[in-house]
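A.B. asks: mmCIF, C-alpha atoms and all ligand atoms, file query.cif:
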data_work
#
loop_
_atom_site.group_PDB
_atom_site.id
_atom_site.type_symbol
_atom_site.label_atom_id
_atom_site.label_comp_id
_atom_site.auth_asym_id
_atom_site.auth_seq_id
_atom_site.Cartn_x
_atom_site.Cartn_y
_atom_site.Cartn_z
ATOM 1 C CA MET S 97 31.256 -87.574 -54.546
ATOM 2 C CA ASN S 98 32.578 -90.823 -53.202
ATOM 3 C CA PHE S 99 36.032 -91.083 -51.741
ATOM 4 C CA ALA S 100 37.564 -93.076 -54.619
ATOM 5 C CA LEU S 101 36.454 -90.489 -57.153
ATOM 6 C CA ARG S 102 37.721 -87.689 -54.948
ATOM 7 C CA ALA S 103 41.068 -89.446 -54.585
ATOM 8 C CA ILE S 104 41.366 -89.627 -58.372
ATOM 9 C CA ARG S 105 40.467 -85.953 -58.707
ATOM 10 C CA ALA S 106 42.965 -85.032 -56.006
ATOM 11 C CA ALA S 107 45.691 -87.092 -57.663
ATOM 12 C CA THR S 108 45.201 -85.315 -60.983
ATOM 13 C CA ALA S 109 44.987 -81.822 -59.501
ATOM 14 C CA SER S 110 47.655 -79.323 -60.404
ATOM 15 C CA PRO S 111 50.748 -79.599 -58.210
ATOM 16 C CA LEU S 112 51.323 -76.955 -55.589
ATOM 17 C CA ARG S 113 52.802 -73.926 -57.238
ATOM 18 C CA LYS S 114 54.237 -70.836 -55.687
ATOM 19 C CA VAL S 115 52.593 -67.980 -57.524
ATOM 20 C CA THR S 116 53.775 -64.457 -56.980
ATOM 21 C CA THR S 117 51.461 -61.482 -57.101
ATOM 22 C CA ALA S 118 53.513 -60.140 -60.009
ATOM 23 C CA ASN S 119 52.859 -63.012 -62.352
ATOM 24 C CA ILE S 120 49.168 -63.113 -61.420
ATOM 25 C CA LEU S 121 48.949 -59.446 -62.368
ATOM 26 C CA GLN S 122 50.518 -60.080 -65.766
ATOM 27 C CA ARG S 123 48.170 -62.901 -66.719
ATOM 28 C CA ARG S 124 44.835 -61.853 -65.413
ATOM 29 C CA THR S 125 41.907 -59.923 -66.770
ATOM 30 C CA MET S 126 41.022 -59.888 -63.119
ATOM 31 C CA HIS S 127 43.416 -58.454 -60.543
ATOM 32 C CA ILE S 128 43.156 -59.301 -56.890
ATOM 33 C CA GLN S 129 44.828 -57.128 -54.307
ATOM 34 C CA SER S 130 45.009 -58.486 -50.783
ATOM 35 C CA ILE S 131 44.790 -56.051 -47.902
ATOM 36 C CA PRO S 132 46.028 -57.766 -44.735
ATOM 37 C CA MET S 133 44.225 -56.310 -41.721
ATOM 38 C CA TRP S 134 46.671 -57.378 -39.085
ATOM 39 C CA THR S 135 46.755 -54.546 -36.571
ATOM 40 C CA GLY S 136 46.000 -55.468 -32.966
ATOM 41 C CA SER S 137 44.682 -58.984 -32.704
ATOM 42 C CA HIS S 138 43.283 -59.028 -36.236
ATOM 43 C CA ASP S 139 44.442 -61.618 -38.715
ATOM 44 C CA ASN S 140 41.976 -61.167 -41.535
ATOM 45 C CA TYR S 141 42.056 -60.079 -45.151
ATOM 46 C CA ALA S 142 40.103 -57.641 -47.267
ATOM 47 C CA TYR S 143 40.441 -58.046 -51.021
ATOM 48 C CA VAL S 144 40.037 -55.671 -53.944
ATOM 49 C CA VAL S 145 38.822 -57.394 -57.124
ATOM 50 C CA ILE S 146 39.555 -55.365 -60.241
ATOM 51 C CA ASP S 147 38.326 -55.838 -63.814
ATOM 52 C CA ASP S 148 41.415 -54.963 -65.818
ATOM 53 C CA LYS S 149 39.552 -53.710 -68.873
ATOM 54 C CA THR S 150 37.161 -51.223 -67.272
ATOM 55 C CA LYS S 151 39.090 -50.765 -63.978
ATOM 56 C CA ASP S 152 35.793 -51.336 -62.184
ATOM 57 C CA ALA S 153 36.471 -52.827 -58.772
ATOM 58 C CA MET S 154 34.717 -54.040 -55.652
ATOM 59 C CA VAL S 155 36.122 -54.585 -52.181
ATOM 60 C CA ILE S 156 35.436 -57.741 -50.196
ATOM 61 C CA ASP S 157 35.006 -57.483 -46.402
ATOM 62 C CA PRO S 158 36.663 -54.071 -45.768
ATOM 63 C CA ALA S 159 36.356 -54.685 -42.039
ATOM 64 C CA ASN S 160 38.989 -52.315 -40.719
ATOM 65 C CA PRO S 161 38.694 -48.934 -42.510
ATOM 66 C CA PRO S 162 41.970 -47.456 -41.109
ATOM 67 C CA GLU S 163 43.822 -50.162 -43.029
ATOM 68 C CA VAL S 164 41.525 -50.408 -46.065
ATOM 69 C CA LEU S 165 40.539 -46.828 -46.886
ATOM 70 C CA PRO S 166 44.100 -45.575 -47.552
ATOM 71 C CA VAL S 167 44.620 -48.432 -50.030
ATOM 72 C CA LEU S 168 41.311 -47.697 -51.764
ATOM 73 C CA LYS S 169 42.084 -43.967 -51.856
ATOM 74 C CA GLU S 170 45.470 -44.593 -53.448
ATOM 75 C CA LEU S 171 43.965 -46.911 -56.077
ATOM 76 C CA ILE S 172 41.153 -44.443 -56.837
ATOM 77 C CA ASP S 173 43.282 -41.287 -56.847
ATOM 78 C CA SER S 174 45.895 -42.829 -59.126
ATOM 79 C CA GLY S 175 43.188 -43.857 -61.606
ATOM 80 C CA LYS S 176 43.786 -47.571 -61.124
ATOM 81 C CA ILE S 177 40.210 -48.390 -60.118
ATOM 82 C CA ASN S 178 36.636 -47.207 -60.355
ATOM 83 C CA PHE S 179 35.280 -48.199 -56.962
ATOM 84 C CA LYS S 180 31.893 -49.828 -57.506
ATOM 85 C CA GLY S 181 30.842 -51.427 -54.245
ATOM 86 C CA ILE S 182 31.286 -53.680 -51.235
ATOM 87 C CA ILE S 183 30.860 -57.450 -51.073
ATOM 88 C CA ASN S 184 30.499 -59.275 -47.732
ATOM 89 C CA THR S 185 31.026 -62.942 -46.991
ATOM 90 C CA HIS S 186 28.944 -62.810 -43.771
ATOM 91 C CA HIS S 187 27.645 -60.456 -41.106
ATOM 92 C CA HIS S 188 30.357 -60.807 -38.425
ATOM 93 C CA TYR S 189 31.913 -57.541 -37.313
ATOM 94 C CA ASP S 190 35.411 -58.523 -38.476
ATOM 95 C CA HIS S 191 33.996 -58.815 -42.033
ATOM 96 C CA ALA S 192 31.041 -56.414 -42.396
ATOM 97 C CA GLY S 193 31.946 -54.056 -39.545
ATOM 98 C CA GLY S 194 33.672 -51.544 -41.846
ATOM 99 C CA ASN S 195 30.754 -51.054 -44.235
ATOM 100 C CA ALA S 196 29.302 -47.906 -42.642
ATOM 101 C CA GLU S 197 32.621 -46.084 -42.498
ATOM 102 C CA THR S 198 33.531 -47.129 -46.039
ATOM 103 C CA LEU S 199 30.149 -45.811 -47.243
ATOM 104 C CA LYS S 200 30.763 -42.561 -45.379
ATOM 105 C CA ALA S 201 33.869 -42.072 -47.510
ATOM 106 C CA TYR S 202 32.233 -43.430 -50.691
ATOM 107 C CA PRO S 203 28.454 -42.936 -50.409
ATOM 108 C CA HIS S 204 25.675 -44.602 -52.390
ATOM 109 C CA LEU S 205 27.580 -47.739 -53.320
ATOM 110 C CA PRO S 206 25.862 -51.132 -53.307
ATOM 111 C CA VAL S 207 26.618 -53.534 -50.464
ATOM 112 C CA ILE S 208 26.213 -57.119 -51.637
ATOM 113 C CA GLY S 209 26.019 -59.693 -48.873
ATOM 114 C CA GLY S 210 23.922 -61.778 -46.534
ATOM 115 C CA ALA S 211 20.745 -60.359 -45.031
ATOM 116 C CA LYS S 212 22.339 -59.544 -41.662
ATOM 117 C CA CYS S 213 25.367 -57.672 -43.037
ATOM 118 C CA ALA S 214 25.540 -54.003 -42.001
ATOM 119 C CA GLU S 215 24.183 -51.576 -44.624
ATOM 120 C CA VAL S 216 23.392 -54.428 -47.050
ATOM 121 C CA THR S 217 21.512 -53.386 -50.192
ATOM 122 C CA THR S 218 21.429 -56.662 -52.154
ATOM 123 C CA THR S 219 21.449 -60.297 -51.061
ATOM 124 C CA PRO S 220 22.139 -62.557 -54.030
ATOM 125 C CA LYS S 221 20.307 -65.869 -54.210
ATOM 126 C CA HIS S 222 22.235 -69.151 -54.267
ATOM 127 C CA HIS S 223 23.948 -69.393 -57.679
ATOM 128 C CA GLN S 224 22.870 -65.872 -58.640
ATOM 129 C CA THR S 225 25.496 -64.118 -60.754
ATOM 130 C CA PHE S 226 26.645 -60.531 -61.229
ATOM 131 C CA LYS S 227 29.536 -58.793 -62.939
ATOM 132 C CA ILE S 228 32.394 -56.569 -61.899
ATOM 133 C CA GLY S 229 33.051 -54.406 -64.939
ATOM 134 C CA GLU S 230 32.851 -56.330 -68.218
ATOM 135 C CA GLY S 231 35.141 -59.284 -67.735
ATOM 136 C CA VAL S 232 34.733 -60.520 -64.179
ATOM 137 C CA ASN S 233 31.811 -62.818 -63.441
ATOM 138 C CA VAL S 234 30.774 -63.506 -59.850
ATOM 139 C CA THR S 235 28.572 -66.379 -58.686
ATOM 140 C CA ALA S 236 27.175 -66.375 -55.143
ATOM 141 C CA ILE S 237 27.386 -69.735 -53.413
ATOM 142 C CA HIS S 238 25.336 -69.917 -50.244
ATOM 143 C CA THR S 239 27.214 -71.789 -47.531
ATOM 144 C CA PRO S 240 25.193 -71.447 -44.297
ATOM 145 C CA CYS S 241 26.798 -72.846 -41.123
ATOM 146 C CA HIS S 242 29.440 -70.511 -39.628
ATOM 147 C CA THR S 243 26.617 -67.979 -39.968
ATOM 148 C CA GLN S 244 23.303 -68.567 -41.682
ATOM 149 C CA ASP S 245 24.052 -65.664 -44.034
ATOM 150 C CA SER S 246 27.487 -66.939 -45.146
ATOM 151 C CA ILE S 247 28.043 -66.585 -48.872
ATOM 152 C CA CYS S 248 31.147 -67.619 -50.835
ATOM 153 C CA TYR S 249 31.855 -65.860 -54.119
ATOM 154 C CA PHE S 250 33.195 -67.798 -57.108
ATOM 155 C CA VAL S 251 34.868 -65.270 -59.406
ATOM 156 C CA GLU S 252 36.123 -65.963 -62.923
ATOM 157 C CA ASP S 253 37.379 -64.008 -65.892
ATOM 158 C CA GLY S 254 37.280 -66.752 -68.511
ATOM 159 C CA GLU S 255 40.847 -67.799 -67.785
ATOM 160 C CA GLU S 256 41.364 -67.670 -64.031
ATOM 161 C CA ARG S 257 39.070 -68.810 -61.273
ATOM 162 C CA VAL S 258 39.123 -67.860 -57.599
ATOM 163 C CA VAL S 259 36.759 -68.218 -54.673
ATOM 164 C CA PHE S 260 36.377 -65.892 -51.689
ATOM 165 C CA THR S 261 35.343 -68.101 -48.825
ATOM 166 C CA GLY S 262 35.032 -65.820 -45.774
ATOM 167 C CA ASP S 263 34.928 -67.925 -42.607
ATOM 168 C CA THR S 264 33.459 -71.012 -44.313
ATOM 169 C CA LEU S 265 36.575 -72.523 -45.926
ATOM 170 C CA PHE S 266 40.060 -71.621 -44.716
ATOM 171 C CA ILE S 267 43.257 -73.003 -46.208
ATOM 172 C CA ALA S 268 43.419 -76.417 -44.506
ATOM 173 C CA GLY S 269 40.475 -75.655 -42.238
ATOM 174 C CA CYS S 270 36.941 -74.356 -41.862
ATOM 175 C CA GLY S 271 35.004 -71.907 -39.692
ATOM 176 C CA ARG S 272 33.317 -72.742 -36.416
ATOM 177 C CA PHE S 273 29.701 -73.882 -36.629
ATOM 178 C CA PHE S 274 28.307 -70.818 -34.801
ATOM 179 C CA GLU S 275 24.878 -70.787 -36.456
ATOM 180 C CA GLY S 276 24.781 -74.167 -38.151
ATOM 181 C CA THR S 277 25.378 -77.901 -38.067
ATOM 182 C CA ALA S 278 27.975 -80.413 -39.205
ATOM 183 C CA GLU S 279 25.531 -81.367 -41.953
ATOM 184 C CA GLU S 280 25.492 -77.795 -43.259
ATOM 185 C CA MET S 281 29.306 -77.522 -43.201
ATOM 186 C CA HIS S 282 29.576 -80.891 -44.952
ATOM 187 C CA GLU S 283 27.195 -79.633 -47.653
ATOM 188 C CA ALA S 284 29.125 -76.343 -47.945
ATOM 189 C CA LEU S 285 32.617 -77.828 -48.130
ATOM 190 C CA ASN S 286 32.143 -81.238 -49.636
ATOM 191 C CA ASN S 287 29.366 -80.572 -52.068
ATOM 192 C CA ARG S 288 29.130 -76.898 -53.008
ATOM 193 C CA LEU S 289 32.809 -75.843 -52.788
ATOM 194 C CA ALA S 290 34.331 -79.246 -53.640
ATOM 195 C CA LYS S 291 32.465 -79.148 -56.957
ATOM 196 C CA LEU S 292 34.213 -75.985 -58.130
ATOM 197 C CA PRO S 293 36.946 -76.470 -60.759
ATOM 198 C CA GLU S 294 40.043 -77.883 -59.065
ATOM 199 C CA ASP S 295 42.246 -75.005 -60.262
ATOM 200 C CA THR S 296 40.075 -72.452 -58.412
ATOM 201 C CA ARG S 297 42.329 -70.469 -56.061
ATOM 202 C CA VAL S 298 41.094 -70.007 -52.500
ATOM 203 C CA TYR S 299 41.018 -66.585 -50.810
ATOM 204 C CA PRO S 300 39.779 -67.064 -47.229
ATOM 205 C CA GLY S 301 38.761 -64.449 -44.660
ATOM 206 C CA HIS S 302 41.617 -65.127 -42.244
ATOM 207 C CA GLU S 303 45.260 -66.208 -42.205
ATOM 208 C CA TYR S 304 44.813 -69.327 -40.074
ATOM 209 C CA THR S 305 46.760 -71.774 -42.221
ATOM 210 C CA LYS S 306 49.681 -72.409 -39.905
ATOM 211 C CA SER S 307 47.536 -73.438 -36.935
ATOM 212 C CA ASN S 308 45.032 -75.260 -39.181
ATOM 213 C CA ILE S 309 47.662 -77.516 -40.697
ATOM 214 C CA LYS S 310 49.224 -78.152 -37.296
ATOM 215 C CA PHE S 311 45.857 -79.600 -36.277
ATOM 216 C CA GLY S 312 45.479 -81.300 -39.685
ATOM 217 C CA LYS S 313 48.772 -83.099 -39.226
ATOM 218 C CA SER S 314 47.547 -84.511 -35.903
ATOM 219 C CA VAL S 315 44.848 -86.486 -37.750
ATOM 220 C CA LEU S 316 46.352 -86.934 -41.224
ATOM 221 C CA ASP S 317 50.065 -87.292 -41.898
ATOM 222 C CA THR S 318 50.512 -87.327 -45.686
ATOM 223 C CA PRO S 319 53.006 -85.746 -48.112
ATOM 224 C CA ALA S 320 50.394 -83.066 -49.015
ATOM 225 C CA VAL S 321 49.946 -82.176 -45.353
ATOM 226 C CA ARG S 322 53.690 -82.101 -44.703
ATOM 227 C CA GLU S 323 54.201 -79.939 -47.808
ATOM 228 C CA LEU S 324 51.791 -77.335 -46.414
ATOM 229 C CA VAL S 325 53.466 -77.424 -42.983
ATOM 230 C CA GLN S 326 56.727 -76.640 -44.790
ATOM 231 C CA PHE S 327 55.088 -73.882 -46.877
ATOM 232 C CA CYS S 328 53.833 -72.213 -43.680
ATOM 233 C CA GLU S 329 57.335 -72.306 -42.211
ATOM 234 C CA GLU S 330 58.557 -70.273 -45.192
ATOM 235 C CA ASN S 331 55.588 -67.998 -45.947
ATOM 236 C CA GLU S 332 53.512 -65.700 -43.789
ATOM 237 C CA GLU S 333 50.673 -65.294 -46.291
ATOM 238 C CA THR S 334 48.891 -68.240 -47.905
ATOM 239 C CA GLN S 335 45.798 -66.664 -49.483
ATOM 240 C CA GLY S 336 45.455 -67.362 -53.219
ATOM 241 C CA LYS S 337 48.388 -69.794 -53.139
ATOM 242 C CA PHE S 338 46.269 -72.948 -52.940
ATOM 243 C CA THR S 339 43.435 -74.338 -55.018
ATOM 244 C CA ILE S 340 40.289 -76.325 -54.352
ATOM 245 C CA GLY S 341 42.303 -79.289 -55.701
ATOM 246 C CA ASP S 342 44.942 -78.667 -53.020
ATOM 247 C CA GLU S 343 42.259 -78.388 -50.324
ATOM 248 C CA LEU S 344 40.868 -81.782 -51.358
ATOM 249 C CA LYS S 345 44.306 -83.154 -50.503
ATOM 250 C CA HIS S 346 45.404 -81.269 -47.376
ATOM 251 C CA ASN S 347 42.168 -80.045 -45.739
ATOM 252 C CA VAL S 348 40.973 -82.709 -43.301
ATOM 253 C CA PHE S 349 37.446 -81.226 -43.244
ATOM 254 C CA MET S 350 37.254 -81.997 -46.993
ATOM 255 C CA ARG S 351 38.406 -85.588 -46.475
ATOM 256 C CA VAL S 352 35.728 -86.883 -44.102
ATOM 257 C CA GLU S 353 35.670 -90.186 -46.014
ATOM 258 C CA ASP S 354 39.435 -90.733 -45.714
ATOM 259 C CA PRO S 355 40.031 -93.982 -43.754
ATOM 260 C CA GLU S 356 42.983 -92.438 -41.885
ATOM 261 C CA ILE S 357 40.777 -89.577 -40.650
ATOM 262 C CA GLN S 358 37.927 -91.939 -39.821
ATOM 263 C CA LYS S 359 40.404 -93.912 -37.724
ATOM 264 C CA ALA S 360 41.687 -90.767 -35.979
ATOM 265 C CA THR S 361 38.153 -89.577 -35.162
ATOM 266 C CA GLY S 362 36.724 -93.005 -34.340
ATOM 267 C CA GLU S 363 33.766 -92.258 -36.631
ATOM 268 C CA THR S 364 32.779 -93.437 -40.123
ATOM 269 C CA ASP S 365 29.614 -91.467 -40.849
ATOM 270 C CA PRO S 366 30.756 -88.330 -42.745
ATOM 271 C CA LEU S 367 28.629 -86.000 -40.627
ATOM 272 C CA LYS S 368 29.947 -87.492 -37.392
ATOM 273 C CA VAL S 369 33.512 -87.262 -38.718
ATOM 274 C CA MET S 370 32.870 -83.578 -39.555
ATOM 275 C CA GLN S 371 31.495 -82.839 -36.077
ATOM 276 C CA LYS S 372 34.303 -84.761 -34.362
ATOM 277 C CA LEU S 373 36.969 -82.928 -36.388
ATOM 278 C CA ARG S 374 35.410 -79.592 -35.405
ATOM 279 C CA ASP S 375 35.296 -80.599 -31.714
ATOM 280 C CA LEU S 376 38.900 -81.819 -31.813
ATOM 281 C CA LYS S 377 40.044 -78.619 -33.531
ATOM 282 C CA ASN S 378 38.171 -76.430 -31.016
ATOM 283 C CA ASN S 379 40.082 -78.141 -28.202
ATOM 284 C CA PHE S 380 43.389 -78.549 -30.020
ATOM 285 C CA LYS S 381 46.395 -77.159 -28.252
ATOM 286 C CA GLY S 382 49.169 -77.339 -30.822
HETATM 287 ZN ZN ZN S 401 33.011 -65.023 -38.894
#
Is it possible to express this structure as structure tokens?

C.D. replies:
Amino acid sequence: MNFALRAIRAATASPLRKVTTANILQRRTMHIQSIPMWTGSHDNYAYVVIDDKTKDAMVIDPANPPEVLPVLKELIDSGKINFKGIINTHHHYDHAGGNAETLKAYPHLPVIGGAKCAEVTTTPKHHQTFKIGEGVNVTAIHTPCHTQDSICYFVEDGEERVVFTGDTLFIAGCGRFFEGTAEEMHEALNNRLAKLPEDTRVYPGHEYTKSNIKFGKSVLDTPAVRELVQFCEENEETQGKFTIGDELKHNVFMRVEDPEIQKATGETDPLKVMQKLRDLKNNFKG
């Protein structure tokens, strides 16, 4: 997509809305419960995705069982969910490291994820789909770069759309290129994820928004960026509060063709802008 077209799409995207968990729960066929895993130095999220009709549910990246298993047990024991399996966004320990212990408590469940994820039973192909219960459709989107086995999951129930992005796309940022290149991250963010419907809500693997947008503001000072800085001053959690349309506006890694960012990085080639942004962010001391 060229920059002009993206600018038009961004301009017509839905305005930033503050959505509470309560009103999501009322509207959705699909329920999403966030489990912040914030003990010690952790700052990541597991998520439970529930099909309202059948109560079938899967858990995404249950990395820290002491924080996740009590939540699952409560949901299962109170009859709110039928626990059907684990989904992983990539193999890193702070995402797939809780699989074995979760399976010890709930044996024989499928583990859907990249080839290197612990205990994995199924690796979906790029664009392969599967269901949670009857009403929740999941599409795997391969996004190799942070790890070569990184997979994002686009999840829809006919009315609402969300995407679980692991360590590929964060609110206002992206993961480090541990196993990949700027070209792969550009493809992941600015082709595969940017093409999702603009009202798709983003559920990343970590709560990094506050530091991401601090860096973002150092290379792009726009109303959208300032609005997110303000949001982070007032809110500790940002997962599910922003859409792909919002990311196209405030995420500098999704605006590699923005003249202001090209000026700040001293590069014009999108891949060089992407690499330069990553280098600058790695060394950023906000
Ligand atoms: Zn990771």

A.B. asks: At a cut-off of 12 Å and counting all atoms listed in the file, what residues surround ligand ZN 401 (chain S)? Please answer as a VMD selection string.

C.D. replies: chain S and resid 139 to 140 157 159 184 to 193 213 240 to 247 261 to 266 270 to 275 300 to 302

A.B. asks: Would you work out the distance separating atom CA of His127 of chain S from atom CA of Val144 of chain S, expressed in Å to one decimal?

C.D. replies: 7.9 Å

A.B. asks: Would you compute the distance between atom CA of Lys180 of chain S and atom CA of Asp152 of chain S? Give it in Å to one decimal.

C.D. replies: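 Spanning atom CA of Lys180 of chain S to atom CA of Asp152 of chain S is a straight-line distance of 6.3 Å.
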
A.B. asks: Name the residues in contact with segment 351-355 of chain S at a cut-off of 12 Å, using all atoms listed in the file, excluding same-chain residues fewer than 4 positions from it; report them as a ChimeraX atom specification.

C.D. replies: /S:97-103,106,268-269,278-279,281-283,285-287,290,312,315-318,341-347,359-374

A.B. asks: For a quick check of your reading of the model, name the residues lying within 12 Å of the coordinate (45.8, -55.4, -36.0), counting only C-alpha atoms, and write them as a VMD selection string.

C.D. replies: chain S and resid 131 to 141 159 to 163 190

A.B. asks: Save out the residues we just selected, C-alpha atoms, as an mmCIF file, keeping the file's coordinate frame.

C.D. replies:
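Written file, result-v8.cif:
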data_model
loop_
_atom_site.group_PDB
_atom_site.id
_atom_site.type_symbol
_atom_site.label_atom_id
_atom_site.label_comp_id
_atom_site.auth_asym_id
_atom_site.auth_seq_id
_atom_site.Cartn_x
_atom_site.Cartn_y
_atom_site.Cartn_z
ATOM 1 C CA ILE S 131 44.790 -56.051 -47.902
ATOM 2 C CA PRO S 132 46.028 -57.766 -44.735
ATOM 3 C CA MET S 133 44.225 -56.310 -41.721
ATOM 4 C CA TRP S 134 46.671 -57.378 -39.085
ATOM 5 C CA THR S 135 46.755 -54.546 -36.571
ATOM 6 C CA GLY S 136 46.000 -55.468 -32.966
ATOM 7 C CA SER S 137 44.682 -58.984 -32.704
ATOM 8 C CA HIS S 138 43.283 -59.028 -36.236
ATOM 9 C CA ASP S 139 44.442 -61.618 -38.715
ATOM 10 C CA ASN S 140 41.976 -61.167 -41.535
ATOM 11 C CA TYR S 141 42.056 -60.079 -45.151
ATOM 12 C CA ALA S 159 36.356 -54.685 -42.039
ATOM 13 C CA ASN S 160 38.989 -52.315 -40.719
ATOM 14 C CA PRO S 161 38.694 -48.934 -42.510
ATOM 15 C CA PRO S 162 41.970 -47.456 -41.109
ATOM 16 C CA GLU S 163 43.822 -50.162 -43.029
ATOM 17 C CA ASP S 190 35.411 -58.523 -38.476
#

A.B. asks: Here's the selection I'm unsure about, the PyMOL selection byres (((chain S and resi 328) around 12) and not hetatm); applied to the file above, which residues does it give, as a ChimeraX atom specification?

C.D. replies: /S:267-268,303-310,321-327,329-335,337-338

A.B. asks: Using all atoms listed in the file, pick whichever of S:Ile340, S:Ile237, S:Ile208, S:Met154 has the shortest atom-to-atom distance to Arg257 of chain S.

C.D. replies: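 Among the listed residues, the smallest separation from Arg257 of chain S belongs to S:Ile340.
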
A.B. asks: Might you spell out which residues the PyMOL selection byres (((chain S and resi 222) around 12) and not hetatm) would select in the displayed file, as JSON, numbers by chain?

C.D. replies: {"S": [209, 210, 219, 220, 221, 223, 224, 225, 226, 234, 235, 236, 237, 238, 239, 240, 245, 246, 247, 248, 249, 250, 284, 288]}

A.B. asks: Taking C-alpha atoms for each residue, export the selection above as a PDB file, in the frame of the given file.

C.D. replies:
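For reference, result20.pdb as written:
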ATOM      1  CA  GLY S 209      26.019 -59.693 -48.873  1.00  0.00           C
ATOM      2  CA  GLY S 210      23.922 -61.778 -46.534  1.00  0.00           C
ATOM      3  CA  THR S 219      21.449 -60.297 -51.061  1.00  0.00           C
ATOM      4  CA  PRO S 220      22.139 -62.557 -54.030  1.00  0.00           C
ATOM      5  CA  LYS S 221      20.307 -65.869 -54.210  1.00  0.00           C
ATOM      6  CA  HIS S 223      23.948 -69.393 -57.679  1.00  0.00           C
ATOM      7  CA  GLN S 224      22.870 -65.872 -58.640  1.00  0.00           C
ATOM      8  CA  THR S 225      25.496 -64.118 -60.754  1.00  0.00           C
ATOM      9  CA  PHE S 226      26.645 -60.531 -61.229  1.00  0.00           C
ATOM     10  CA  VAL S 234      30.774 -63.506 -59.850  1.00  0.00           C
ATOM     11  CA  THR S 235      28.572 -66.379 -58.686  1.00  0.00           C
ATOM     12  CA  ALA S 236      27.175 -66.375 -55.143  1.00  0.00           C
ATOM     13  CA  ILE S 237      27.386 -69.735 -53.413  1.00  0.00           C
ATOM     14  CA  HIS S 238      25.336 -69.917 -50.244  1.00  0.00           C
ATOM     15  CA  THR S 239      27.214 -71.789 -47.531  1.00  0.00           C
ATOM     16  CA  PRO S 240      25.193 -71.447 -44.297  1.00  0.00           C
ATOM     17  CA  ASP S 245      24.052 -65.664 -44.034  1.00  0.00           C
ATOM     18  CA  SER S 246      27.487 -66.939 -45.146  1.00  0.00           C
ATOM     19  CA  ILE S 247      28.043 -66.585 -48.872  1.00  0.00           C
ATOM     20  CA  CYS S 248      31.147 -67.619 -50.835  1.00  0.00           C
ATOM     21  CA  TYR S 249      31.855 -65.860 -54.119  1.00  0.00           C
ATOM     22  CA  PHE S 250      33.195 -67.798 -57.108  1.00  0.00           C
ATOM     23  CA  ALA S 284      29.125 -76.343 -47.945  1.00  0.00           C
ATOM     24  CA  ARG S 288      29.130 -76.898 -53.008  1.00  0.00           C
TER      25      ARG S 288
END

A.B. asks: Taking into account all atoms listed in the file, which residue in the set S:Pro293, S:Thr217, S:Pro203, S:Val258 is nearest to Asn233 of chain S?

C.D. replies: S:Val258

A.B. asks: For a test of reading the model, state the distance in Å between atom CA of Glu356 of chain S and atom CA of Tyr299 of chain S, rounded to one decimal.

C.D. replies: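 Computed distance, atom CA of Glu356 of chain S to atom CA of Tyr299 of chain S, equals 27.4 Å.
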
A.B. asks: With all atoms listed in the file as the basis for distance, which of S:Ile183, S:Gly194, S:Asn178, S:Thr277 is at the shortest distance from Val164 of chain S?

C.D. replies: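 Among the listed residues, S:Gly194 lies closest to Val164 of chain S.
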
A.B. asks: Which is closer to Gly336 of chain S than all the others in S:Ile128, S:Lys212, S:Ile182, S:Ala153, using all atoms listed in the file?

C.D. replies: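 Once distances to Gly336 of chain S are computed over all atoms listed in the file, the minimum belongs to S:Ile128.
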
A.B. asks: Once the PyMOL selection byres (((chain S and resi 256) around 9) and not hetatm) is applied to the coordinates I shared, what remains selected? I want it as a list in words.

C.D. replies: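 Selection result, ordered by chain and number: Arg123, Arg124, Thr125, Met126, Val251, Glu252, Asp253, Gly254, Glu255, Arg257, Val258, Asp295, Thr296 and Arg297 of chain S.
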
A.B. asks: Emit as AutoDock Vina command-line options the padded axis-aligned box for all listed atoms of segment 339-357 of chain S, 5 Å per side, with centre and edge lengths in Å to one decimal.

C.D. replies:
--center_x 40.5 --center_y -84.2 --center_z -48.2 --size_x 19.7 --size_y 29.6 --size_z 25.1

A.B. asks: Taking all atoms listed in the file into account, name the residue in S:Leu289, S:Val145, S:Val232, S:Ala320 that is nearest to Ile177 of chain S.

C.D. replies: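 Nearest candidate to Ile177 of chain S out of S:Leu289, S:Val145, S:Val232, S:Ala320: S:Val145.
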